[in-house]
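Student: This is run27.txt, which holds compact mmCIF, N, CA and C atoms:
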# COMPACT_ATOMS: atom_id res chain seq x y z
N MET A 243 141.13 -98.51 -47.89
CA MET A 243 142.40 -98.69 -48.55
C MET A 243 142.47 -97.87 -49.83
N LYS A 244 141.34 -97.83 -50.58
CA LYS A 244 141.32 -97.08 -51.83
C LYS A 244 141.45 -95.58 -51.57
N LYS A 245 140.98 -95.10 -50.43
CA LYS A 245 141.10 -93.68 -50.10
C LYS A 245 142.51 -93.34 -49.61
N LEU A 246 143.20 -94.31 -49.11
CA LEU A 246 144.54 -94.09 -48.58
C LEU A 246 145.57 -93.88 -49.69
N ILE A 247 145.42 -94.57 -50.80
CA ILE A 247 146.38 -94.47 -51.91
C ILE A 247 146.41 -93.05 -52.50
N PRO A 248 145.26 -92.42 -52.81
CA PRO A 248 145.33 -91.04 -53.31
C PRO A 248 145.92 -90.06 -52.28
N ALA A 249 145.62 -90.29 -51.02
CA ALA A 249 146.16 -89.41 -49.98
C ALA A 249 147.68 -89.52 -49.92
N ILE A 250 148.20 -90.73 -50.00
CA ILE A 250 149.65 -90.95 -50.00
C ILE A 250 150.26 -90.32 -51.24
N LEU A 251 149.58 -90.46 -52.37
CA LEU A 251 150.07 -89.88 -53.62
C LEU A 251 150.15 -88.35 -53.52
N VAL A 252 149.12 -87.73 -52.97
CA VAL A 252 149.09 -86.27 -52.83
C VAL A 252 150.20 -85.81 -51.89
N VAL A 253 150.37 -86.47 -50.78
CA VAL A 253 151.43 -86.11 -49.83
C VAL A 253 152.80 -86.27 -50.47
N THR A 254 152.99 -87.33 -51.23
CA THR A 254 154.27 -87.56 -51.91
C THR A 254 154.56 -86.47 -52.93
N VAL A 255 153.56 -86.12 -53.74
CA VAL A 255 153.74 -85.08 -54.75
C VAL A 255 154.05 -83.74 -54.08
N LEU A 256 153.33 -83.40 -53.02
CA LEU A 256 153.59 -82.15 -52.31
C LEU A 256 154.98 -82.12 -51.70
N THR A 257 155.39 -83.23 -51.14
CA THR A 257 156.72 -83.31 -50.53
C THR A 257 157.81 -83.14 -51.57
N ILE A 258 157.65 -83.79 -52.70
CA ILE A 258 158.66 -83.70 -53.76
C ILE A 258 158.67 -82.31 -54.38
N SER A 259 157.50 -81.73 -54.60
CA SER A 259 157.45 -80.42 -55.25
C SER A 259 157.93 -79.30 -54.33
N CYS A 260 157.78 -79.46 -53.03
CA CYS A 260 158.21 -78.42 -52.09
C CYS A 260 159.66 -78.55 -51.68
N ASN A 261 160.30 -79.63 -52.04
CA ASN A 261 161.69 -79.84 -51.66
C ASN A 261 162.59 -79.13 -52.65
N ASN A 262 163.10 -77.98 -52.25
CA ASN A 262 163.97 -77.19 -53.12
C ASN A 262 165.40 -77.35 -52.64
N THR A 263 166.20 -78.07 -53.40
CA THR A 263 167.59 -78.31 -53.00
C THR A 263 168.55 -77.37 -53.70
N SER A 264 168.05 -76.50 -54.52
CA SER A 264 168.91 -75.59 -55.26
C SER A 264 169.38 -74.45 -54.36
N ASP A 265 170.68 -74.20 -54.33
CA ASP A 265 171.24 -73.11 -53.55
C ASP A 265 171.44 -71.85 -54.39
N SER A 266 171.14 -71.94 -55.67
CA SER A 266 171.39 -70.79 -56.53
C SER A 266 170.31 -69.73 -56.32
N THR A 267 170.76 -68.49 -56.28
CA THR A 267 169.85 -67.37 -56.18
C THR A 267 170.12 -66.47 -57.37
N ASP A 268 169.11 -66.33 -58.20
CA ASP A 268 169.27 -65.55 -59.42
C ASP A 268 168.77 -64.13 -59.28
N GLY A 269 168.33 -63.75 -58.08
CA GLY A 269 167.82 -62.40 -57.89
C GLY A 269 168.89 -61.35 -58.06
N LYS A 270 168.45 -60.17 -58.41
CA LYS A 270 169.38 -59.06 -58.62
C LYS A 270 169.29 -58.10 -57.44
N TYR A 271 169.09 -58.64 -56.26
CA TYR A 271 168.92 -57.88 -55.05
C TYR A 271 170.27 -57.34 -54.56
N ILE A 272 170.25 -56.48 -53.57
CA ILE A 272 171.47 -56.00 -52.93
C ILE A 272 172.09 -57.19 -52.20
N GLN A 273 173.34 -57.43 -52.42
CA GLN A 273 174.01 -58.59 -51.83
C GLN A 273 174.51 -58.23 -50.43
N TRP A 274 173.61 -58.32 -49.47
CA TRP A 274 173.91 -57.95 -48.09
C TRP A 274 174.82 -58.94 -47.40
N SER A 275 174.70 -60.20 -47.75
CA SER A 275 175.37 -61.25 -46.98
C SER A 275 176.65 -61.73 -47.63
N GLY A 276 177.39 -62.51 -46.85
CA GLY A 276 178.64 -63.11 -47.32
C GLY A 276 178.65 -64.59 -46.99
N GLU A 277 179.82 -65.13 -46.75
CA GLU A 277 179.98 -66.56 -46.50
C GLU A 277 179.80 -66.92 -45.03
N ASN A 278 179.95 -65.98 -44.13
CA ASN A 278 179.92 -66.26 -42.70
C ASN A 278 178.50 -66.11 -42.16
N GLU A 279 177.97 -67.19 -41.59
CA GLU A 279 176.58 -67.17 -41.10
C GLU A 279 176.40 -66.23 -39.91
N VAL A 280 177.40 -66.14 -39.05
CA VAL A 280 177.29 -65.25 -37.89
C VAL A 280 177.23 -63.80 -38.35
N ALA A 281 178.10 -63.43 -39.28
CA ALA A 281 178.10 -62.07 -39.81
C ALA A 281 176.78 -61.78 -40.52
N ASN A 282 176.26 -62.75 -41.26
CA ASN A 282 174.99 -62.57 -41.96
C ASN A 282 173.85 -62.35 -40.97
N ALA A 283 173.86 -63.08 -39.86
CA ALA A 283 172.84 -62.90 -38.83
C ALA A 283 172.94 -61.51 -38.21
N MET A 284 174.17 -61.04 -38.02
CA MET A 284 174.36 -59.70 -37.46
C MET A 284 173.88 -58.63 -38.43
N VAL A 285 174.10 -58.84 -39.72
CA VAL A 285 173.60 -57.90 -40.73
C VAL A 285 172.07 -57.87 -40.69
N GLY A 286 171.45 -59.04 -40.59
CA GLY A 286 169.99 -59.11 -40.51
C GLY A 286 169.46 -58.35 -39.31
N LYS A 287 170.11 -58.51 -38.16
CA LYS A 287 169.70 -57.78 -36.96
C LYS A 287 169.94 -56.28 -37.14
N GLY A 288 171.05 -55.94 -37.79
CA GLY A 288 171.35 -54.53 -38.05
C GLY A 288 170.29 -53.89 -38.93
N ILE A 289 169.87 -54.61 -39.97
CA ILE A 289 168.81 -54.11 -40.85
C ILE A 289 167.52 -53.91 -40.06
N PHE A 290 167.19 -54.90 -39.22
CA PHE A 290 165.98 -54.82 -38.40
C PHE A 290 166.00 -53.55 -37.55
N HIS A 291 167.09 -53.31 -36.85
CA HIS A 291 167.18 -52.14 -35.98
C HIS A 291 167.23 -50.84 -36.78
N PHE A 292 167.90 -50.86 -37.93
CA PHE A 292 167.96 -49.67 -38.78
C PHE A 292 166.56 -49.28 -39.25
N LEU A 293 165.78 -50.27 -39.67
CA LEU A 293 164.42 -50.00 -40.15
C LEU A 293 163.48 -49.56 -39.03
N ASN A 294 163.83 -49.91 -37.79
CA ASN A 294 163.03 -49.51 -36.64
C ASN A 294 163.57 -48.26 -35.95
N ILE A 295 164.39 -47.53 -36.67
CA ILE A 295 164.95 -46.25 -36.21
C ILE A 295 165.72 -46.42 -34.90
N GLU A 296 166.33 -47.56 -34.72
CA GLU A 296 167.20 -47.81 -33.57
C GLU A 296 168.64 -47.75 -34.08
N ARG A 297 169.08 -46.55 -34.39
CA ARG A 297 170.36 -46.36 -35.09
C ARG A 297 171.57 -46.85 -34.30
N GLU A 298 171.59 -46.63 -32.98
CA GLU A 298 172.74 -47.06 -32.19
C GLU A 298 172.89 -48.58 -32.20
N LYS A 299 171.76 -49.27 -32.05
CA LYS A 299 171.81 -50.74 -32.09
C LYS A 299 172.21 -51.22 -33.48
N ALA A 300 171.66 -50.58 -34.50
CA ALA A 300 172.01 -50.96 -35.88
C ALA A 300 173.50 -50.78 -36.10
N TYR A 301 174.04 -49.66 -35.63
CA TYR A 301 175.48 -49.39 -35.78
C TYR A 301 176.29 -50.51 -35.14
N SER A 302 175.88 -50.92 -33.94
CA SER A 302 176.60 -51.99 -33.23
C SER A 302 176.59 -53.29 -34.01
N PHE A 303 175.45 -53.66 -34.56
CA PHE A 303 175.37 -54.92 -35.30
C PHE A 303 176.15 -54.86 -36.61
N PHE A 304 176.07 -53.74 -37.33
CA PHE A 304 176.82 -53.64 -38.58
C PHE A 304 178.33 -53.62 -38.31
N ALA A 305 178.74 -52.91 -37.27
CA ALA A 305 180.17 -52.89 -36.91
C ALA A 305 180.62 -54.29 -36.48
N GLY A 306 179.78 -54.98 -35.73
CA GLY A 306 180.10 -56.35 -35.32
C GLY A 306 180.19 -57.30 -36.51
N SER A 307 179.33 -57.10 -37.49
CA SER A 307 179.39 -57.97 -38.68
C SER A 307 180.71 -57.81 -39.41
N LEU A 308 181.26 -56.59 -39.39
CA LEU A 308 182.55 -56.36 -40.05
C LEU A 308 183.70 -56.94 -39.24
N GLU A 309 183.54 -57.06 -37.92
CA GLU A 309 184.57 -57.71 -37.12
C GLU A 309 184.65 -59.19 -37.44
N VAL A 310 183.50 -59.78 -37.76
CA VAL A 310 183.45 -61.21 -38.09
C VAL A 310 183.82 -61.45 -39.55
N ASP A 311 183.29 -60.62 -40.46
CA ASP A 311 183.55 -60.76 -41.90
C ASP A 311 183.77 -59.37 -42.50
N SER A 312 185.00 -59.02 -42.72
CA SER A 312 185.34 -57.66 -43.18
C SER A 312 185.08 -57.45 -44.66
N THR A 313 184.53 -58.44 -45.37
CA THR A 313 184.29 -58.32 -46.81
C THR A 313 182.86 -57.90 -47.14
N LEU A 314 182.07 -57.53 -46.17
CA LEU A 314 180.67 -57.15 -46.39
C LEU A 314 180.58 -55.68 -46.76
N PHE A 315 180.43 -55.39 -48.04
CA PHE A 315 180.40 -53.99 -48.50
C PHE A 315 179.17 -53.25 -47.98
N ALA A 316 178.03 -53.94 -47.89
CA ALA A 316 176.79 -53.26 -47.50
C ALA A 316 176.86 -52.76 -46.06
N SER A 317 177.56 -53.48 -45.20
CA SER A 317 177.74 -53.00 -43.83
C SER A 317 178.54 -51.70 -43.83
N HIS A 318 179.53 -51.61 -44.70
CA HIS A 318 180.31 -50.37 -44.81
C HIS A 318 179.42 -49.23 -45.31
N VAL A 319 178.51 -49.51 -46.23
CA VAL A 319 177.61 -48.47 -46.73
C VAL A 319 176.75 -47.92 -45.60
N VAL A 320 176.13 -48.81 -44.84
CA VAL A 320 175.25 -48.36 -43.76
C VAL A 320 176.06 -47.63 -42.69
N LEU A 321 177.24 -48.14 -42.37
CA LEU A 321 178.07 -47.45 -41.38
C LEU A 321 178.51 -46.07 -41.88
N ALA A 322 178.72 -45.93 -43.18
CA ALA A 322 179.04 -44.61 -43.74
C ALA A 322 177.85 -43.67 -43.56
N TRP A 323 176.64 -44.18 -43.71
CA TRP A 323 175.44 -43.36 -43.50
C TRP A 323 175.32 -42.95 -42.04
N LEU A 324 175.66 -43.87 -41.13
CA LEU A 324 175.45 -43.63 -39.70
C LEU A 324 176.60 -42.87 -39.03
N THR A 325 177.75 -42.80 -39.69
CA THR A 325 178.93 -42.17 -39.10
C THR A 325 178.99 -40.69 -39.49
N PRO A 326 179.28 -39.81 -38.54
CA PRO A 326 179.44 -38.39 -38.90
C PRO A 326 180.60 -38.21 -39.87
N ASN A 327 180.56 -37.13 -40.63
CA ASN A 327 181.63 -36.85 -41.59
C ASN A 327 182.99 -36.83 -40.88
N GLY A 328 183.95 -37.46 -41.54
CA GLY A 328 185.29 -37.51 -40.96
C GLY A 328 186.07 -38.69 -41.52
N GLU A 329 187.12 -39.07 -40.81
CA GLU A 329 187.99 -40.15 -41.28
C GLU A 329 187.26 -41.50 -41.33
N ALA A 330 186.49 -41.81 -40.29
CA ALA A 330 185.79 -43.10 -40.26
C ALA A 330 184.77 -43.19 -41.40
N ASP A 331 184.08 -42.09 -41.64
CA ASP A 331 183.10 -42.03 -42.72
C ASP A 331 183.78 -42.28 -44.07
N GLU A 332 184.89 -41.61 -44.31
CA GLU A 332 185.62 -41.79 -45.57
C GLU A 332 186.17 -43.20 -45.70
N MET A 333 186.62 -43.78 -44.60
CA MET A 333 187.13 -45.15 -44.62
C MET A 333 186.03 -46.13 -45.03
N HIS A 334 184.84 -45.96 -44.46
CA HIS A 334 183.72 -46.85 -44.81
C HIS A 334 183.32 -46.67 -46.27
N LYS A 335 183.32 -45.44 -46.75
CA LYS A 335 182.99 -45.20 -48.16
C LYS A 335 184.00 -45.85 -49.09
N SER A 336 185.28 -45.69 -48.80
CA SER A 336 186.31 -46.27 -49.68
C SER A 336 186.29 -47.79 -49.62
N LYS A 337 186.07 -48.37 -48.43
CA LYS A 337 185.98 -49.83 -48.33
C LYS A 337 184.76 -50.36 -49.08
N ALA A 338 183.65 -49.65 -49.01
CA ALA A 338 182.45 -50.07 -49.74
C ALA A 338 182.70 -50.05 -51.23
N ARG A 339 183.33 -48.99 -51.72
CA ARG A 339 183.64 -48.90 -53.16
C ARG A 339 184.59 -50.01 -53.59
N GLU A 340 185.55 -50.33 -52.74
CA GLU A 340 186.52 -51.37 -53.06
C GLU A 340 185.87 -52.76 -53.06
N LEU A 341 185.03 -53.03 -52.06
CA LEU A 341 184.46 -54.37 -51.89
C LEU A 341 183.28 -54.66 -52.82
N VAL A 342 182.65 -53.63 -53.39
CA VAL A 342 181.49 -53.85 -54.25
C VAL A 342 181.89 -54.31 -55.65
N LYS A 343 183.15 -54.16 -55.99
CA LYS A 343 183.61 -54.58 -57.32
C LYS A 343 183.33 -56.07 -57.50
N GLY A 344 182.72 -56.40 -58.64
CA GLY A 344 182.37 -57.79 -58.92
C GLY A 344 180.99 -58.19 -58.43
N LYS A 345 180.28 -57.30 -57.77
CA LYS A 345 178.92 -57.59 -57.30
C LYS A 345 177.93 -57.17 -58.39
N ASN A 346 176.65 -57.46 -58.14
CA ASN A 346 175.63 -57.16 -59.15
C ASN A 346 175.33 -55.66 -59.24
N GLU A 347 174.49 -55.30 -60.21
CA GLU A 347 174.22 -53.89 -60.50
C GLU A 347 173.55 -53.17 -59.34
N ASN A 348 172.61 -53.82 -58.66
CA ASN A 348 171.94 -53.17 -57.54
C ASN A 348 172.91 -52.88 -56.41
N SER A 349 173.84 -53.78 -56.18
CA SER A 349 174.84 -53.54 -55.15
C SER A 349 175.69 -52.33 -55.50
N ASN A 350 176.08 -52.23 -56.77
CA ASN A 350 176.87 -51.08 -57.22
C ASN A 350 176.07 -49.78 -57.13
N LEU A 351 174.78 -49.85 -57.44
CA LEU A 351 173.94 -48.66 -57.32
C LEU A 351 173.81 -48.22 -55.86
N MET A 352 173.73 -49.17 -54.95
CA MET A 352 173.64 -48.82 -53.54
C MET A 352 174.89 -48.05 -53.10
N VAL A 353 176.05 -48.51 -53.55
CA VAL A 353 177.29 -47.81 -53.20
C VAL A 353 177.34 -46.44 -53.87
N SER A 354 176.74 -46.32 -55.06
CA SER A 354 176.76 -45.03 -55.75
C SER A 354 175.97 -43.96 -54.98
N LEU A 355 175.10 -44.38 -54.07
CA LEU A 355 174.40 -43.41 -53.23
C LEU A 355 175.38 -42.60 -52.38
N LEU A 356 176.54 -43.20 -52.08
CA LEU A 356 177.54 -42.51 -51.27
C LEU A 356 178.22 -41.38 -52.04
N ASP A 357 178.12 -41.41 -53.37
CA ASP A 357 178.80 -40.42 -54.21
C ASP A 357 177.99 -39.14 -54.42
N ILE A 358 176.79 -39.08 -53.89
CA ILE A 358 175.95 -37.90 -54.05
C ILE A 358 176.45 -36.83 -53.09
N ASN A 359 177.04 -35.79 -53.62
CA ASN A 359 177.62 -34.72 -52.79
C ASN A 359 176.83 -33.42 -52.91
N LEU A 360 175.54 -33.54 -52.95
CA LEU A 360 174.68 -32.36 -53.04
C LEU A 360 174.24 -31.95 -51.64
N PRO A 361 173.99 -30.66 -51.42
CA PRO A 361 173.47 -30.25 -50.11
C PRO A 361 172.05 -30.80 -49.93
N ALA A 362 171.66 -30.93 -48.67
CA ALA A 362 170.32 -31.44 -48.38
C ALA A 362 169.28 -30.57 -49.07
N GLY A 363 168.30 -31.21 -49.65
CA GLY A 363 167.25 -30.48 -50.33
C GLY A 363 166.66 -31.29 -51.46
N LYS A 364 165.92 -30.60 -52.31
CA LYS A 364 165.18 -31.28 -53.38
C LYS A 364 166.09 -31.95 -54.39
N GLU A 365 167.22 -31.32 -54.73
CA GLU A 365 168.12 -31.92 -55.72
C GLU A 365 168.68 -33.25 -55.23
N ARG A 366 169.16 -33.26 -54.01
CA ARG A 366 169.73 -34.49 -53.45
C ARG A 366 168.66 -35.57 -53.33
N ARG A 367 167.49 -35.17 -52.87
CA ARG A 367 166.39 -36.13 -52.75
C ARG A 367 166.01 -36.71 -54.10
N ALA A 368 165.98 -35.86 -55.13
CA ALA A 368 165.64 -36.32 -56.48
C ALA A 368 166.69 -37.29 -57.02
N LYS A 369 167.96 -37.00 -56.76
CA LYS A 369 169.03 -37.88 -57.23
C LYS A 369 168.95 -39.24 -56.52
N ARG A 370 168.73 -39.23 -55.21
CA ARG A 370 168.58 -40.49 -54.47
C ARG A 370 167.37 -41.26 -54.97
N HIS A 371 166.27 -40.55 -55.21
CA HIS A 371 165.06 -41.19 -55.70
C HIS A 371 165.31 -41.84 -57.06
N GLU A 372 166.05 -41.16 -57.91
CA GLU A 372 166.38 -41.70 -59.23
C GLU A 372 167.15 -43.02 -59.11
N ILE A 373 168.12 -43.06 -58.21
CA ILE A 373 168.92 -44.29 -58.03
C ILE A 373 168.06 -45.40 -57.44
N TRP A 374 167.28 -45.08 -56.39
CA TRP A 374 166.44 -46.11 -55.78
C TRP A 374 165.39 -46.62 -56.77
N SER A 375 164.86 -45.73 -57.61
CA SER A 375 163.88 -46.15 -58.63
C SER A 375 164.51 -47.12 -59.62
N LYS A 376 165.73 -46.82 -60.02
CA LYS A 376 166.43 -47.72 -60.94
C LYS A 376 166.67 -49.08 -60.28
N MET A 377 167.03 -49.06 -59.00
CA MET A 377 167.23 -50.32 -58.27
C MET A 377 165.93 -51.11 -58.21
N HIS A 378 164.82 -50.41 -58.00
CA HIS A 378 163.52 -51.08 -57.92
C HIS A 378 163.11 -51.66 -59.27
N GLU A 379 163.45 -50.98 -60.36
CA GLU A 379 163.16 -51.51 -61.70
C GLU A 379 163.94 -52.79 -61.95
N ILE A 380 165.17 -52.83 -61.49
CA ILE A 380 166.02 -54.01 -61.70
C ILE A 380 165.49 -55.20 -60.90
N GLU A 381 165.16 -54.97 -59.65
CA GLU A 381 164.66 -56.05 -58.77
C GLU A 381 163.55 -55.50 -57.89
N PRO A 382 162.29 -55.66 -58.34
CA PRO A 382 161.17 -55.14 -57.55
C PRO A 382 161.02 -55.93 -56.28
What do you get writing this file as structure tokens?
Tutor:
Amino acid sequence: MKKLIPAILVVTVLTISCNNTSDSTDGKYIQWSGENEVANAMVGKGIFHFLNIEREKAYSFFAGSLEVDSTLFASHVVLAWLTPNGEADEMHKSKARELVKGKNENSNLMVSLLDINLPAGKERRAKRHEIWSKMHEIEP
């Protein structure tokens, strides 16, 4: 019985300390998600496929996320990267710029990557690296 009381106490303390009911997120990360859980899941799948160099699948998931929740600026950014130059590309860029207003600094920096109009090469790479480095300093 004496051994049972400390065990119950330890389990109780662990349960109480691990129970996080706070929904607030204070991170300064890129705000990929929105209010719609289905769209957020599609964005997550899109990121997964994008990172695995499965660009066509990523495009489908990001486009689908915008069909469910058209307020996701980050989906527009990725679609602008994946879309060839033209009307659709410009539409995604303008929507991303419009929707990022009011978001955190890292989100705004991500959209600023779309404004780099340098030809491929060391200058463009250096400018992108500068922006990504600043984003990493803000939220490692």
Student: So which residues touch A:Leu308 within 8 Å, counting only N, CA and C atoms, skipping near sequence neighbours fewer than 2 positions away, as a PyMOL selection string?
Tutor: chain A and resi 281+284-285+302-306+310-314+317-318
Student: Can I get the selection written as a tab-separated table (two decimals), in the coordinates of the input, with N, CA and C atoms?
Tutor:
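Output saved as part.tsv:
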chain	number	residue	atom	x	y	z
A	281	ALA	N	178.10	-63.43	-39.28
A	281	ALA	CA	178.10	-62.07	-39.81
A	281	ALA	C	176.78	-61.78	-40.52
A	284	MET	N	174.17	-61.04	-38.02
A	284	MET	CA	174.36	-59.70	-37.46
A	284	MET	C	173.88	-58.63	-38.43
A	285	VAL	N	174.10	-58.84	-39.72
A	285	VAL	CA	173.60	-57.90	-40.73
A	285	VAL	C	172.07	-57.87	-40.69
A	302	SER	N	175.88	-50.92	-33.94
A	302	SER	CA	176.60	-51.99	-33.23
A	302	SER	C	176.59	-53.29	-34.01
A	303	PHE	N	175.45	-53.66	-34.56
A	303	PHE	CA	175.37	-54.92	-35.30
A	303	PHE	C	176.15	-54.86	-36.61
A	304	PHE	N	176.07	-53.74	-37.33
A	304	PHE	CA	176.82	-53.64	-38.58
A	304	PHE	C	178.33	-53.62	-38.31
A	305	ALA	N	178.74	-52.91	-37.27
A	305	ALA	CA	180.17	-52.89	-36.91
A	305	ALA	C	180.62	-54.29	-36.48
A	306	GLY	N	179.78	-54.98	-35.73
A	306	GLY	CA	180.10	-56.35	-35.32
A	306	GLY	C	180.19	-57.30	-36.51
A	310	VAL	N	183.50	-59.78	-37.76
A	310	VAL	CA	183.45	-61.21	-38.09
A	310	VAL	C	183.82	-61.45	-39.55
A	311	ASP	N	183.29	-60.62	-40.46
A	311	ASP	CA	183.55	-60.76	-41.90
A	311	ASP	C	183.77	-59.37	-42.50
A	312	SER	N	185.00	-59.02	-42.72
A	312	SER	CA	185.34	-57.66	-43.18
A	312	SER	C	185.08	-57.45	-44.66
A	313	THR	N	184.53	-58.44	-45.37
A	313	THR	CA	184.29	-58.32	-46.81
A	313	THR	C	182.86	-57.90	-47.14
A	314	LEU	N	182.07	-57.53	-46.17
A	314	LEU	CA	180.67	-57.15	-46.39
A	314	LEU	C	180.58	-55.68	-46.76
A	317	SER	N	177.56	-53.48	-45.20
A	317	SER	CA	177.74	-53.00	-43.83
A	317	SER	C	178.54	-51.70	-43.83
A	318	HIS	N	179.53	-51.61	-44.70
A	318	HIS	CA	180.31	-50.37	-44.81
A	318	HIS	C	179.42	-49.23	-45.31
Student: Give me the residues near A:His334 as a list in words, where near means some atom within 6.5 Å (using only N, CA and C atoms) and where sequence neighbours in that chain fewer than 5 positions away do not count.
Tutor: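 Using only N, CA and C atoms, the neighbours found are His318, Val319, Leu321, Ala322, Glu329 and Arg339 of chain A.
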Student: Have a look at A:Ser349, A:Asn359, A:Asn294, A:Ser336 and name the one nearest to A:Trp274; count only N, CA and C atoms.
Tutor: A:Ser349
Student: Could you jot down the atom C of A:Leu341 to atom C of A:Leu356 separation for me, Å, one decimal place?
Tutor: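 Atom C of A:Leu341 sits 14.2 Å away from atom C of A:Leu356.
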Student: Report the distance between atom CA of A:Asp331 and atom CA of A:Glu379 in Å, rounded to one decimal place.
Tutor: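 Separation of atom CA of A:Asp331 and atom CA of A:Glu379: 29.1 Å.
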Student: Give me, please, the distance in Å between atom CA of A:Val353 and atom CA of A:Ala338, quoted to one decimal.
Tutor: 6.6 Å
Student: Using only C-alpha atoms, find the one residue out of A:Phe315, A:Phe290, A:Trp374, A:Trp323 that sits nearest to A:Lys345.
Tutor: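 Going through A:Phe315, A:Phe290, A:Trp374, A:Trp323 one by one, the smallest distance to A:Lys345 is for A:Phe315.
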Student: Go through A:Ile272, A:Ala368, A:Val280, A:Ala300 and flag the residue nearest A:Met352, using all atoms listed in the file for the distances.
Tutor: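 Using all atoms listed in the file, A:Met352 sits closest to A:Ile272.
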